[in-house]
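Trainee: File coords.cif below, mmCIF, C-alpha atoms and all ligand atoms:
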data_upload
#
loop_
_atom_site.label_atom_id
_atom_site.label_comp_id
_atom_site.auth_asym_id
_atom_site.auth_seq_id
_atom_site.Cartn_x
_atom_site.Cartn_y
_atom_site.Cartn_z
CA MET P 1 27.72 -18.73 4.02
CA ASP P 2 26.02 -21.17 6.37
CA GLY P 3 23.92 -24.00 5.08
CA ASN P 4 20.83 -23.47 7.22
CA GLY P 5 18.12 -23.45 4.55
CA GLY P 6 19.26 -23.00 0.96
CA GLU P 7 21.62 -20.65 -0.83
CA LEU P 8 18.99 -17.95 -1.29
CA SER P 9 17.88 -17.86 2.33
CA SER P 10 21.50 -17.96 3.52
CA PHE P 11 22.38 -15.08 1.22
CA LEU P 12 19.38 -13.00 2.31
CA THR P 13 20.14 -13.64 5.96
CA ALA P 14 23.76 -12.58 5.46
CA LEU P 15 22.59 -9.52 3.53
CA SER P 16 20.23 -8.43 6.28
CA GLU P 17 23.00 -8.65 8.88
CA ASP P 18 26.06 -7.38 7.02
CA ARG P 19 26.32 -3.68 6.17
CA GLN P 20 29.32 -4.17 3.89
CA LEU P 21 27.52 -6.84 1.93
CA GLN P 22 24.54 -4.48 1.62
CA ASP P 23 26.76 -1.74 0.20
CA ALA P 24 28.38 -4.15 -2.23
CA TYR P 25 24.97 -5.48 -3.28
CA ALA P 26 23.58 -1.98 -3.80
CA GLN P 27 26.52 -1.12 -6.08
CA ASP P 28 26.84 -4.38 -7.97
CA PRO P 29 24.12 -6.95 -7.23
CA ASP P 30 25.17 -9.35 -9.97
CA GLY P 31 28.87 -9.36 -9.05
CA THR P 32 28.13 -9.63 -5.32
CA MET P 33 25.87 -12.62 -5.83
CA ARG P 34 28.42 -14.34 -8.09
CA GLU P 35 31.13 -13.78 -5.51
CA ALA P 36 28.82 -15.29 -2.88
CA GLY P 37 28.48 -18.37 -5.08
CA LEU P 38 24.79 -18.11 -5.91
CA SER P 39 23.49 -20.18 -8.83
CA ASP P 40 22.38 -18.54 -12.08
CA ASP P 41 18.77 -19.32 -11.19
CA SER P 42 18.94 -17.57 -7.83
CA ILE P 43 20.78 -14.64 -9.37
CA SER P 44 18.16 -14.15 -12.02
CA ILE P 45 15.35 -14.36 -9.44
CA LEU P 46 16.95 -11.68 -7.28
CA LEU P 47 17.86 -9.47 -10.24
CA SER P 48 14.19 -9.47 -11.26
CA ARG P 49 13.32 -7.87 -7.87
CA ASP P 50 9.95 -9.60 -8.33
CA LEU P 51 8.39 -10.18 -4.91
CA GLY P 52 6.32 -13.16 -6.06
CA LYS P 53 9.37 -14.91 -7.51
CA VAL P 54 11.53 -14.25 -4.45
CA LYS P 55 8.83 -15.54 -2.09
CA ALA P 56 8.22 -18.63 -4.23
CA ALA P 57 11.94 -19.44 -4.33
CA LEU P 58 12.24 -19.06 -0.56
CA GLU P 59 9.19 -21.25 -0.03
CA GLU P 60 10.88 -23.93 -2.12
CA GLU P 61 14.01 -23.71 0.02
CA LEU P 62 12.18 -23.61 3.34
CA PRO P 63 8.98 -25.52 2.55
CA GLY P 64 5.93 -25.33 4.75
CA ARG P 65 7.07 -22.19 6.49
CA ASP P 66 5.40 -19.57 4.30
CA PHE P 67 1.97 -19.02 5.80
CA ILE P 68 -0.92 -16.86 4.76
CA LEU P 69 -2.38 -15.60 7.98
CA PHE P 70 -5.49 -13.58 8.31
CA MET P 71 -7.79 -12.68 11.13
CA ILE P 72 -11.39 -13.78 11.08
CA ILE P 73 -13.52 -11.09 12.61
CA PHE P 74 -16.88 -12.89 12.65
CA MET Y 75 12.04 -5.05 13.30
CA THR Y 76 12.69 -2.37 15.90
CA PRO Y 77 15.75 -2.73 18.18
CA GLU Y 78 13.37 -2.97 21.18
CA ALA Y 79 11.50 -5.89 19.61
CA ALA Y 80 14.73 -7.65 18.61
CA SER Y 81 16.07 -7.34 22.12
CA ALA Y 82 12.79 -8.56 23.67
CA ILE Y 83 12.98 -11.66 21.45
CA GLU Y 84 16.63 -12.29 22.31
CA ARG Y 85 16.18 -11.90 26.06
CA ALA Y 86 12.96 -13.87 26.61
CA ASP Y 87 12.88 -17.22 28.44
CA GLU Y 88 10.39 -18.31 25.83
CA VAL Y 89 9.32 -16.89 22.46
CA LEU Y 90 6.04 -17.81 20.78
CA TYR Y 91 5.72 -16.51 17.27
CA LEU Y 92 3.33 -16.26 14.34
CA VAL Y 93 4.88 -14.95 11.13
CA THR Y 94 4.25 -15.34 7.40
CA GLN Y 95 7.77 -15.41 6.02
CA PRO Y 96 10.15 -18.36 6.37
CA LEU Y 97 13.18 -16.12 6.83
CA THR Y 98 11.52 -14.27 9.68
CA ALA Y 99 10.82 -17.57 11.42
CA GLN Y 100 14.41 -18.60 10.87
CA TRP Y 101 15.70 -15.30 12.24
CA ILE Y 102 13.59 -15.59 15.39
CA GLU Y 103 14.72 -19.16 16.06
CA ARG Y 104 18.34 -18.16 15.65
CA ALA Y 105 17.97 -15.08 17.81
CA ASN Y 106 16.46 -17.22 20.55
CA PRO Y 107 16.60 -21.03 20.44
CA ARG Y 108 13.80 -21.15 23.02
CA SER Y 109 11.33 -20.13 20.29
CA ARG Y 110 8.44 -22.00 18.77
CA SER Y 111 5.75 -21.22 16.25
CA LEU Y 112 2.07 -20.94 17.15
CA HIS Y 113 1.12 -21.91 13.62
CA GLY Y 114 0.46 -25.55 14.55
CA LEU Y 115 -2.65 -24.41 16.42
CA TYR Y 116 -4.41 -23.64 13.12
CA ALA Y 117 -6.35 -26.59 11.76
CA SER Y 118 -8.92 -26.81 9.02
CA GLY Y 119 -12.43 -27.03 10.38
CA LYS Y 120 -11.41 -25.75 13.79
CA PRO Y 121 -13.25 -22.54 14.75
CA ARG Y 122 -10.91 -19.58 14.70
CA ARG Y 123 -12.09 -18.33 18.07
CA LYS Y 124 -10.85 -21.60 19.54
CA THR Y 125 -7.49 -21.22 17.77
CA TYR Y 126 -7.10 -17.66 19.07
CA ALA Y 127 -8.05 -18.74 22.60
CA GLU Y 128 -5.48 -21.55 22.45
CA MET Y 129 -2.81 -19.10 21.29
CA VAL Y 130 -3.53 -16.89 24.27
CA ASP Y 131 -3.31 -19.93 26.58
CA GLU Y 132 0.01 -20.96 25.02
CA VAL Y 133 1.38 -17.51 25.70
CA LEU Y 134 0.04 -17.32 29.23
CA ALA Y 135 1.06 -20.79 30.45
CA PRO Y 136 4.79 -19.99 30.73
CA VAL Y 137 3.94 -16.53 32.12
CA ARG Y 138 2.06 -18.25 34.95
CA ALA Y 139 5.09 -20.47 35.49
CA GLY Y 140 7.13 -17.34 36.18
CA ARG Y 141 8.93 -17.14 32.85
CA GLU Y 142 9.66 -14.03 30.80
CA VAL Y 143 7.63 -14.54 27.61
CA CYS Y 144 7.75 -12.73 24.28
CA ALA Y 145 4.92 -13.27 21.78
CA ALA Y 146 5.96 -12.11 18.32
CA PHE Y 147 3.38 -11.51 15.59
CA TYR Y 148 4.24 -10.29 12.12
CA GLY Y 149 3.85 -6.61 11.31
CA HIS Y 150 2.43 -4.68 14.26
CA PRO Y 151 1.39 -7.15 17.00
CA GLY Y 152 -1.73 -5.11 17.72
CA VAL Y 153 -2.96 -4.59 14.15
CA PHE Y 154 -5.44 -7.32 13.21
CA VAL Y 155 -4.03 -9.64 15.85
CA ASN Y 156 -6.76 -10.73 18.22
CA PRO Y 157 -4.47 -12.97 20.36
CA GLY Y 158 -1.95 -10.12 20.70
CA HIS Y 159 -4.43 -7.85 22.46
CA GLU Y 160 -6.16 -10.64 24.36
CA ALA Y 161 -2.92 -12.09 25.77
CA ILE Y 162 -1.96 -8.67 27.15
CA ARG Y 163 -5.43 -8.06 28.58
CA ARG Y 164 -5.56 -11.46 30.29
CA ALA Y 165 -1.98 -11.28 31.61
CA ARG Y 166 -2.65 -7.87 33.16
CA GLY Y 167 -5.98 -9.13 34.52
CA GLU Y 168 -4.08 -11.90 36.31
CA GLY Y 169 -1.65 -9.40 37.79
CA TYR Y 170 1.35 -9.91 35.49
CA ARG Y 171 3.33 -7.15 33.83
CA ALA Y 172 2.63 -7.11 30.08
CA ARG Y 173 3.52 -4.63 27.39
CA MET Y 174 2.95 -4.42 23.65
CA LEU Y 175 5.88 -3.05 21.66
CA PRO Y 176 4.80 -1.15 18.55
CA ALA Y 177 6.17 -2.25 15.19
CA VAL Y 178 5.91 -1.60 11.48
CA SER Y 179 2.51 -2.56 10.06
CA ALA Y 180 1.49 -3.03 6.44
CA LEU Y 181 -0.12 0.40 6.68
CA ASP Y 182 3.25 1.98 7.52
CA CYS Y 183 4.85 0.26 4.54
CA LEU Y 184 2.01 1.41 2.31
CA VAL Y 185 2.41 5.03 3.38
CA ALA Y 186 6.10 4.83 2.45
CA ASP Y 187 5.83 2.84 -0.79
CA LEU Y 188 2.79 4.57 -2.25
CA GLY Y 189 3.65 8.05 -0.98
CA ILE Y 190 0.31 8.52 0.76
CA ASP Y 191 0.39 11.08 3.55
CA PRO Y 192 -2.72 10.71 5.73
CA ALA Y 193 -2.50 14.42 6.48
CA ALA Y 194 -3.06 15.38 2.87
CA THR Y 195 -6.22 13.39 2.13
CA GLY Y 196 -7.49 11.99 5.40
CA LEU Y 197 -7.41 8.23 5.84
CA HIS Y 198 -9.94 5.58 6.82
CA SER Y 199 -9.57 1.84 6.90
CA TYR Y 200 -11.75 -1.25 7.26
CA GLU Y 201 -11.35 -4.96 7.14
CA ALA Y 202 -12.68 -5.90 3.66
CA THR Y 203 -15.27 -8.48 4.73
CA ASP Y 204 -16.49 -6.18 7.49
CA PHE Y 205 -16.73 -3.39 4.90
CA VAL Y 206 -19.08 -5.49 2.74
CA VAL Y 207 -21.13 -7.20 5.44
CA HIS Y 208 -21.79 -4.07 7.47
CA ARG Y 209 -22.45 -1.93 4.41
CA ARG Y 210 -19.82 0.54 5.56
CA ARG Y 211 -20.06 3.92 3.89
CA PRO Y 212 -16.73 5.10 2.51
CA ASP Y 213 -15.85 8.77 2.32
CA PRO Y 214 -14.72 9.27 -1.31
CA THR Y 215 -12.86 12.46 -0.38
CA ALA Y 216 -10.37 10.56 1.82
CA SER Y 217 -7.95 7.70 1.14
CA LEU Y 218 -9.51 4.33 1.95
CA VAL Y 219 -7.53 1.25 2.97
CA LEU Y 220 -9.22 -2.17 2.87
CA TRP Y 221 -7.33 -4.86 4.78
CA GLN Y 222 -7.53 -8.57 3.96
CA ILE Y 223 -8.75 -7.94 0.40
CA GLY Y 224 -7.26 -11.28 -0.68
CA VAL Y 225 -9.43 -13.30 1.71
CA VAL Y 226 -12.87 -11.66 1.51
CA GLY Y 227 -15.51 -13.97 3.03
CA GLU Y 228 -13.00 -16.66 4.00
CA LEU Y 229 -13.43 -18.52 7.25
CA GLY Y 230 -10.45 -20.82 7.13
CA TYR Y 231 -7.74 -21.70 4.69
CA ALA Y 232 -7.59 -19.80 1.37
CA THR Y 233 -5.38 -20.47 -1.63
CA SER Y 234 -6.48 -17.65 -3.91
CA PRO Y 235 -8.93 -14.75 -3.72
CA ARG Y 236 -12.48 -15.54 -4.81
CA ARG Y 237 -13.58 -13.53 -7.83
CA GLU Y 238 -17.24 -13.42 -6.76
CA ASN Y 239 -16.31 -12.04 -3.33
CA LEU Y 240 -14.09 -9.35 -4.83
CA ALA Y 241 -17.09 -8.44 -7.02
CA LEU Y 242 -19.10 -7.78 -3.85
CA VAL Y 243 -16.41 -5.36 -2.68
CA VAL Y 244 -16.56 -3.62 -6.05
CA ASP Y 245 -20.36 -3.41 -5.80
CA ARG Y 246 -20.13 -1.76 -2.42
CA LEU Y 247 -17.38 0.64 -3.51
CA SER Y 248 -19.10 1.62 -6.72
CA ARG Y 249 -21.87 3.27 -4.71
CA ALA Y 250 -19.33 5.92 -3.74
CA TYR Y 251 -16.71 5.79 -6.52
CA PRO Y 252 -16.92 5.76 -10.33
CA ARG Y 253 -16.45 2.21 -11.64
CA GLY Y 254 -13.46 3.41 -13.63
CA HIS Y 255 -11.78 4.91 -10.53
CA GLU Y 256 -8.22 3.64 -10.13
CA VAL Y 257 -7.58 1.45 -7.10
CA ILE Y 258 -4.26 0.01 -5.92
CA VAL Y 259 -3.60 -3.60 -4.98
CA TYR Y 260 -0.58 -3.51 -2.71
CA GLU Y 261 1.76 -6.01 -1.09
CA ALA Y 262 4.72 -4.71 0.88
CA SER Y 263 8.04 -6.46 0.35
CA PRO Y 264 9.34 -8.22 3.44
CA TYR Y 265 12.73 -8.23 1.69
CA PRO Y 266 13.11 -4.60 0.58
CA LEU Y 267 16.83 -4.98 -0.16
CA VAL Y 268 16.17 -7.47 -2.93
CA ALA Y 269 12.48 -7.32 -3.91
CA ASP Y 270 10.15 -4.47 -4.78
CA PRO Y 271 6.66 -4.17 -3.36
CA PHE Y 272 3.82 -5.49 -5.50
CA VAL Y 273 1.81 -2.50 -6.74
CA LEU Y 274 -1.01 -3.02 -9.21
CA ARG Y 275 -3.18 -0.10 -10.33
CA VAL Y 276 -6.48 -1.12 -11.90
CA PRO Y 277 -9.85 0.46 -12.59
CA LEU Y 278 -12.24 -0.47 -9.76
CA GLU Y 279 -14.49 -2.52 -12.04
CA GLN Y 280 -11.56 -4.75 -13.06
CA LEU Y 281 -10.60 -5.68 -9.51
CA PRO Y 282 -12.33 -9.11 -9.55
CA ASP Y 283 -10.19 -10.16 -12.53
CA ALA Y 284 -6.98 -8.60 -11.28
CA GLN Y 285 -4.03 -10.47 -9.83
CA VAL Y 286 -4.65 -10.02 -6.11
CA PRO Y 287 -2.05 -11.62 -3.82
CA LEU Y 288 -3.58 -13.36 -0.79
CA LEU Y 289 -1.66 -11.06 1.53
CA ALA Y 290 -2.62 -7.84 -0.29
CA THR Y 291 -4.20 -4.65 0.98
CA LEU Y 292 -6.39 -2.48 -1.25
CA VAL Y 293 -5.97 1.28 -1.44
CA VAL Y 294 -8.72 3.44 -2.86
CA PRO Y 295 -7.44 6.96 -3.45
CA PRO Y 296 -9.88 9.84 -3.02
CA ALA Y 297 -12.20 10.46 -5.96
CA ARG Y 298 -12.77 14.13 -5.24
CA ARG Y 299 -11.85 16.99 -2.91
CA PRO Y 300 -13.75 17.56 0.32
CA ARG Y 301 -16.05 20.57 0.45
CA ARG Y 302 -15.14 23.42 2.77
CA ASP Y 303 -17.71 24.84 5.15
CA ARG Y 304 -17.28 28.60 4.74
CA ALA Y 305 -18.94 29.52 8.01
CA LEU Y 306 -16.75 27.17 10.04
CA THR Y 307 -13.63 28.35 8.19
CA VAL Y 308 -14.50 31.89 9.24
CA ARG Y 309 -15.24 30.86 12.85
CA LEU Y 310 -11.84 29.21 13.08
CA GLY Y 311 -10.22 32.35 11.70
CA LEU Y 312 -8.90 30.44 8.69
CA SER Y 313 -10.33 32.50 5.89
C1 LIG A 1 -4.06 -10.57 9.98
S1 LIG A 1 -3.60 -9.05 9.21
C2 LIG A 1 -2.04 -8.77 9.97
C3 LIG A 1 -1.54 -7.36 9.86
C4 LIG A 1 -0.20 -7.17 10.48
N1 LIG A 1 -0.23 -7.42 11.91
C5 LIG A 1 0.36 -5.78 10.23
O1 LIG A 1 0.65 -5.08 11.20
O2 LIG A 1 0.54 -5.41 9.07
C6 LIG A 1 -3.29 -9.52 7.55
C7 LIG A 1 -3.58 -8.41 6.61
O3 LIG A 1 -2.61 -7.39 6.76
C8 LIG A 1 -2.27 -6.86 5.49
N2 LIG A 1 -0.89 -7.24 5.18
C9 LIG A 1 -0.11 -8.10 5.83
N3 LIG A 1 1.10 -8.21 5.23
C10 LIG A 1 1.05 -7.40 4.17
C11 LIG A 1 1.96 -7.06 3.14
N4 LIG A 1 3.19 -7.61 3.07
N5 LIG A 1 1.57 -6.16 2.22
C12 LIG A 1 0.35 -5.60 2.25
N6 LIG A 1 -0.56 -5.88 3.18
C13 LIG A 1 -0.22 -6.77 4.13
C14 LIG A 1 -3.23 -7.49 4.48
O4 LIG A 1 -4.38 -6.68 4.39
C15 LIG A 1 -3.50 -8.81 5.15
O5 LIG A 1 -4.70 -9.41 4.71
#
The structure in this file should be written as C-alpha cells.
Mentor:
Amino acid sequence: MDGNGGELSSFLTALSEDRQLQDAYAQDPDGTMREAGLSDDSISILLSRDLGKVKAALEEELPGRDFILFMIIF
Amino acid sequence: MTPEAASAIERADEVLYLVTQPLTAQWIERANPRSRSLHGLYASGKPRRKTYAEMVDEVLAPVRAGREVCAAFYGHPGVFVNPGHEAIRRARGEGYRARMLPAVSALDCLVADLGIDPAATGLHSYEATDFVVHRRRPDPTASLVLWQIGVVGELGYATSPRRENLALVVDRLSRAYPRGHEVIVYEASPYPLVADPFVLRVPLEQLPDAQVPLLATLVVPPARRPRRDRALTVRLGLS
C-alpha cells in the first residue's frame, strides 16, 4: 500500500481500483483490513459504515482538503 | 465517475478542479499531475460572484493559450455549478470547442438510495434559500427535493446549519404539509463500498433540531395523492 496520505486513504484508494480487493472486502471486511495492515481504530471506523466517521477520519489524514462547497444564488 | 470523465481528466493538458472529498482530489492529481484545485479562489468576505468569475477566467486562460483544458466539479458539473455553465458559454462565445460531460449528481444518488422513482410521484426541486425567499409553492402531491438545506441563508463560509434558518424552511413547508409529515435529511456516501449514506427521517416540525449535515439535501415525500380530472382522462381515452 503506498504512503500517499494515511493508511485509511491508501486503503480506500486501493479498494476503489482493485476488483479482487473489493470482492475480498465484500466477503470479509474485517479479515481483509487486517491483512492490509490497518490499525484497530481504522478497522472499527470502516466496520461502522458510518459516513460521518469515515469522512472525519479521512479529513484527519488529509487535512484541509475536505471542503463544504455550496453555490450562492443571490 | 464515468469512463468519459475519467478519460477527459487523464488526457487534458491542464485540469482545474473543485471537489469536496480529499480522496477525489487525490485521485484527480494522480490521474493527471497537471491538475490544480480552484478552491484557493474562495476567500471570506470576497463576493461569490467575483470568485465564480475568477474560476471561469482560470479555466479560460489556458484554453486561450491553446491548451486542452478539463474543469472537474464534484457531482454533475452542471448541477448548481455556476462556473461550469459560464465557462462553457464563454469558451463557445470566443469560438472554442467546449463540452459538458454529464455525471452523477446528488439527485441521482438520492433516487437510488431512497428508492424514489420520479415517475411514480412526480418530482420538483428548489434550492432551499430560493424556496424560502421567493415563497415558492410546493406541490404536496409530488416528491420535493430541497438542495443546500444545510446552508440556508448563508453567504460565505458555514460550519453548521443555522436552526433559525431551518425553522423558516419549516414555516414555508408547513403551509402545504402537516407539521408531523415525515421528511428525509439525506447525504449520499462518496465512499459507497465502505460507508452508508446518511438518511435521517424526522417529522417536519423537528427539522430545526435535527442533525443536518452541511452537505445534505432534504426530501419531502408527497403528503397525498394527486386528483384526477375525469373529463381529461376521458378525452385522452384513459378511462
Ligand atoms: C453546490 S451544490 C453541488 C451539487 C453537485 N454538483 C451535484 O451534482 O450533486 C451542493 C448541494 O448539492 C447537494 N449535495 C452535494 N453533495 C451531496 C451529498 N453527498 N449528499 C446529498 N446531497 C449532496 C446538497 O444539496 C448540497 O448543498
Trainee: Measuring between only C-alpha atoms, which one of Y:Leu218, Y:Ala99, Y:Ala135, Y:Ala82 shows the shortest distance to chain P?
Mentor: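 Distance minimum relative to chain P lands on Y:Ala99.
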Trainee: Give one line per residue of chain Y that approaches chain P to at most 10 Å, naming the two atoms of the closest pair and their distance in Å to one decimal, counting only C-alpha atoms; sort by chain then ascending residue number and deliver it as a tab-separated table.
Mentor:
residue	atom	partner	partner_atom	distance
Y:Leu92	CA	P:Leu69	CA	8.6
Y:Val93	CA	P:Phe67	CA	7.3
Y:Thr94	CA	P:Phe67	CA	4.6
Y:Gln95	CA	P:Asp66	CA	5.1
Y:Pro96	CA	P:Arg65	CA	4.9
Y:Leu97	CA	P:Ser9	CA	6.7
Y:Thr98	CA	P:Thr13	CA	9.4
Y:Ala99	CA	P:Arg65	CA	7.7
Y:Gln100	CA	P:Gly5	CA	8.8
Y:Trp101	CA	P:Thr13	CA	7.9
Y:Ser111	CA	P:Arg65	CA	9.9
Y:His113	CA	P:Phe67	CA	8.4
Y:Tyr116	CA	P:Leu69	CA	9.8
Y:Pro121	CA	P:Ile72	CA	9.7
Y:Arg122	CA	P:Ile72	CA	6.9
Y:Arg123	CA	P:Ile72	CA	8.4
Y:Tyr126	CA	P:Met71	CA	9.4
Y:Tyr148	CA	P:Leu69	CA	9.4
Y:Val153	CA	P:Met71	CA	9.9
Y:Phe154	CA	P:Met71	CA	6.2
Y:Val155	CA	P:Met71	CA	6.8
Y:Asn156	CA	P:Met71	CA	7.4
Y:Pro157	CA	P:Met71	CA	9.8
Y:Glu201	CA	P:Ile73	CA	8.5
Y:Thr203	CA	P:Ile73	CA	8.5
Y:Asp204	CA	P:Ile73	CA	7.7
Y:Trp221	CA	P:Phe70	CA	9.6
Y:Gln222	CA	P:Phe70	CA	6.9
Y:Gly224	CA	P:Phe70	CA	9.4
Y:Val225	CA	P:Phe70	CA	7.7
Y:Val226	CA	P:Ile72	CA	9.9
Y:Gly227	CA	P:Ile72	CA	9.0
Y:Glu228	CA	P:Ile72	CA	7.8
Y:Leu229	CA	P:Ile72	CA	6.4
Y:Gly230	CA	P:Ile72	CA	8.1
Y:Tyr231	CA	P:Ile68	CA	8.4
Y:Ala232	CA	P:Ile68	CA	8.0
Y:Thr233	CA	P:Ile68	CA	8.6
Y:Glu261	CA	P:Leu51	CA	8.7
Y:Ala262	CA	P:Leu51	CA	8.8
Y:Ser263	CA	P:Leu51	CA	6.5
Y:Pro264	CA	P:Leu51	CA	8.6
Y:Tyr265	CA	P:Leu51	CA	8.1
Y:Pro266	CA	P:Arg49	CA	9.1
Y:Leu267	CA	P:Gln22	CA	7.9
Y:Val268	CA	P:Arg49	CA	5.7
Y:Ala269	CA	P:Arg49	CA	4.1
Y:Asp270	CA	P:Arg49	CA	5.6
Y:Pro271	CA	P:Leu51	CA	6.4
Y:Phe272	CA	P:Leu51	CA	6.6
Y:Pro287	CA	P:Gly52	CA	8.8
Y:Leu288	CA	P:Ile68	CA	7.1
Y:Leu289	CA	P:Ile68	CA	6.7
Trainee: Around all the atoms of ligand LIG 1 (chain A) listed in the file, draw an axis-aligned box and extend it by 3 Å on each of the six sides; I want its centre and edge lengths in Å to one decimal, as JSON.
Mentor:
{"center_x": -0.8, "center_y": -7.8, "center_z": 7.1, "size_x": 13.9, "size_y": 11.5, "size_z": 15.7}
Trainee: Taking into account all atoms listed in the file, which residue in the set Y:Gly158, Y:Pro282, Y:Pro214, Y:Pro277 is nearest to Y:Val243?
Mentor: Y:Pro282
Trainee: Atom CA of Y:Leu220 and atom CA of Y:Arg301, how far apart in Å?
Mentor: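 Interatomic distance here is 23.9 Å.
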Trainee: Taking all atoms listed in the file into account, which of Y:Ala194, Y:Val259, Y:Leu247, Y:Gln285 comes nearest ligand LIG 1 (chain A)?
Mentor: Y:Val259
Trainee: Do you have the atom CA of P:Gly37-atom CA of P:Asp23 distance handy?
Mentor: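 These two atoms are separated by 17.5 Å.
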Trainee: Need the shell around Y:Gly196: protein/DNA/RNA residues with any atom at most 12 Å away, counting only C-alpha atoms. Skip same-chain ones fewer than 2 positions apart. Format as a PDB file with C-alpha atoms, in the coordinates of the input?
Mentor:
ATOM      1  CA  ILE Y 190       0.310   8.520   0.760  1.00  0.00           C
ATOM      2  CA  ASP Y 191       0.390  11.080   3.550  1.00  0.00           C
ATOM      3  CA  PRO Y 192      -2.720  10.710   5.730  1.00  0.00           C
ATOM      4  CA  ALA Y 193      -2.500  14.420   6.480  1.00  0.00           C
ATOM      5  CA  ALA Y 194      -3.060  15.380   2.870  1.00  0.00           C
ATOM      6  CA  HIS Y 198      -9.940   5.580   6.820  1.00  0.00           C
ATOM      7  CA  SER Y 199      -9.570   1.840   6.900  1.00  0.00           C
ATOM      8  CA  PRO Y 212     -16.730   5.100   2.510  1.00  0.00           C
ATOM      9  CA  ASP Y 213     -15.850   8.770   2.320  1.00  0.00           C
ATOM     10  CA  PRO Y 214     -14.720   9.270  -1.310  1.00  0.00           C
ATOM     11  CA  THR Y 215     -12.860  12.460  -0.380  1.00  0.00           C
ATOM     12  CA  ALA Y 216     -10.370  10.560   1.820  1.00  0.00           C
ATOM     13  CA  SER Y 217      -7.950   7.700   1.140  1.00  0.00           C
ATOM     14  CA  LEU Y 218      -9.510   4.330   1.950  1.00  0.00           C
ATOM     15  CA  VAL Y 219      -7.530   1.250   2.970  1.00  0.00           C
ATOM     16  CA  VAL Y 294      -8.720   3.440  -2.860  1.00  0.00           C
ATOM     17  CA  PRO Y 295      -7.440   6.960  -3.450  1.00  0.00           C
ATOM     18  CA  PRO Y 296      -9.880   9.840  -3.020  1.00  0.00           C
ATOM     19  CA  ARG Y 299     -11.850  16.990  -2.910  1.00  0.00           C
ATOM     20  CA  PRO Y 300     -13.750  17.560   0.320  1.00  0.00           C
TER      21      PRO Y 300
END
Trainee: Please, could all heavy atoms be added to stretch 38-43 of chain P and the result written as a short mmCIF file (atom, residue, chain, number, x, y, z; two decimals), in the coordinates of the input?
Mentor:
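Dumped everything to rebuild_38.cif:
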data_model
loop_
_atom_site.label_atom_id
_atom_site.label_comp_id
_atom_site.auth_asym_id
_atom_site.auth_seq_id
_atom_site.Cartn_x
_atom_site.Cartn_y
_atom_site.Cartn_z
N LEU P 38 26.18 -17.78 -5.59
CA LEU P 38 24.79 -18.11 -5.91
C LEU P 38 24.66 -18.69 -7.31
O LEU P 38 25.42 -18.32 -8.22
CB LEU P 38 23.91 -16.84 -5.80
CG LEU P 38 23.13 -16.70 -4.48
CD1 LEU P 38 24.09 -16.51 -3.32
CD2 LEU P 38 22.16 -15.54 -4.56
N SER P 39 23.70 -19.56 -7.51
CA SER P 39 23.49 -20.18 -8.83
C SER P 39 22.88 -19.16 -9.78
O SER P 39 22.31 -18.14 -9.35
CB SER P 39 22.53 -21.36 -8.69
OG SER P 39 21.26 -20.86 -8.31
N ASP P 40 22.96 -19.45 -11.08
CA ASP P 40 22.38 -18.54 -12.08
C ASP P 40 20.89 -18.34 -11.83
O ASP P 40 20.37 -17.24 -11.99
CB ASP P 40 22.60 -19.09 -13.50
CG ASP P 40 24.05 -18.93 -13.93
OD1 ASP P 40 24.79 -18.20 -13.24
OD2 ASP P 40 24.45 -19.56 -14.93
N ASP P 41 20.21 -19.42 -11.44
CA ASP P 41 18.77 -19.32 -11.19
C ASP P 41 18.47 -18.33 -10.07
O ASP P 41 17.62 -17.45 -10.21
CB ASP P 41 18.21 -20.70 -10.76
CG ASP P 41 17.88 -21.55 -11.96
OD1 ASP P 41 18.05 -21.04 -13.09
OD2 ASP P 41 17.47 -22.71 -11.77
N SER P 42 19.18 -18.47 -8.97
CA SER P 42 18.94 -17.57 -7.83
C SER P 42 19.28 -16.14 -8.22
O SER P 42 18.57 -15.19 -7.86
CB SER P 42 19.80 -17.98 -6.63
OG SER P 42 19.36 -19.21 -6.13
N ILE P 43 20.38 -15.99 -8.96
CA ILE P 43 20.78 -14.64 -9.37
C ILE P 43 19.69 -14.00 -10.22
O ILE P 43 19.31 -12.84 -10.00
CB ILE P 43 22.14 -14.68 -10.12
CG1 ILE P 43 23.25 -15.04 -9.13
CG2 ILE P 43 22.43 -13.33 -10.79
CD1 ILE P 43 24.62 -15.23 -9.74
#
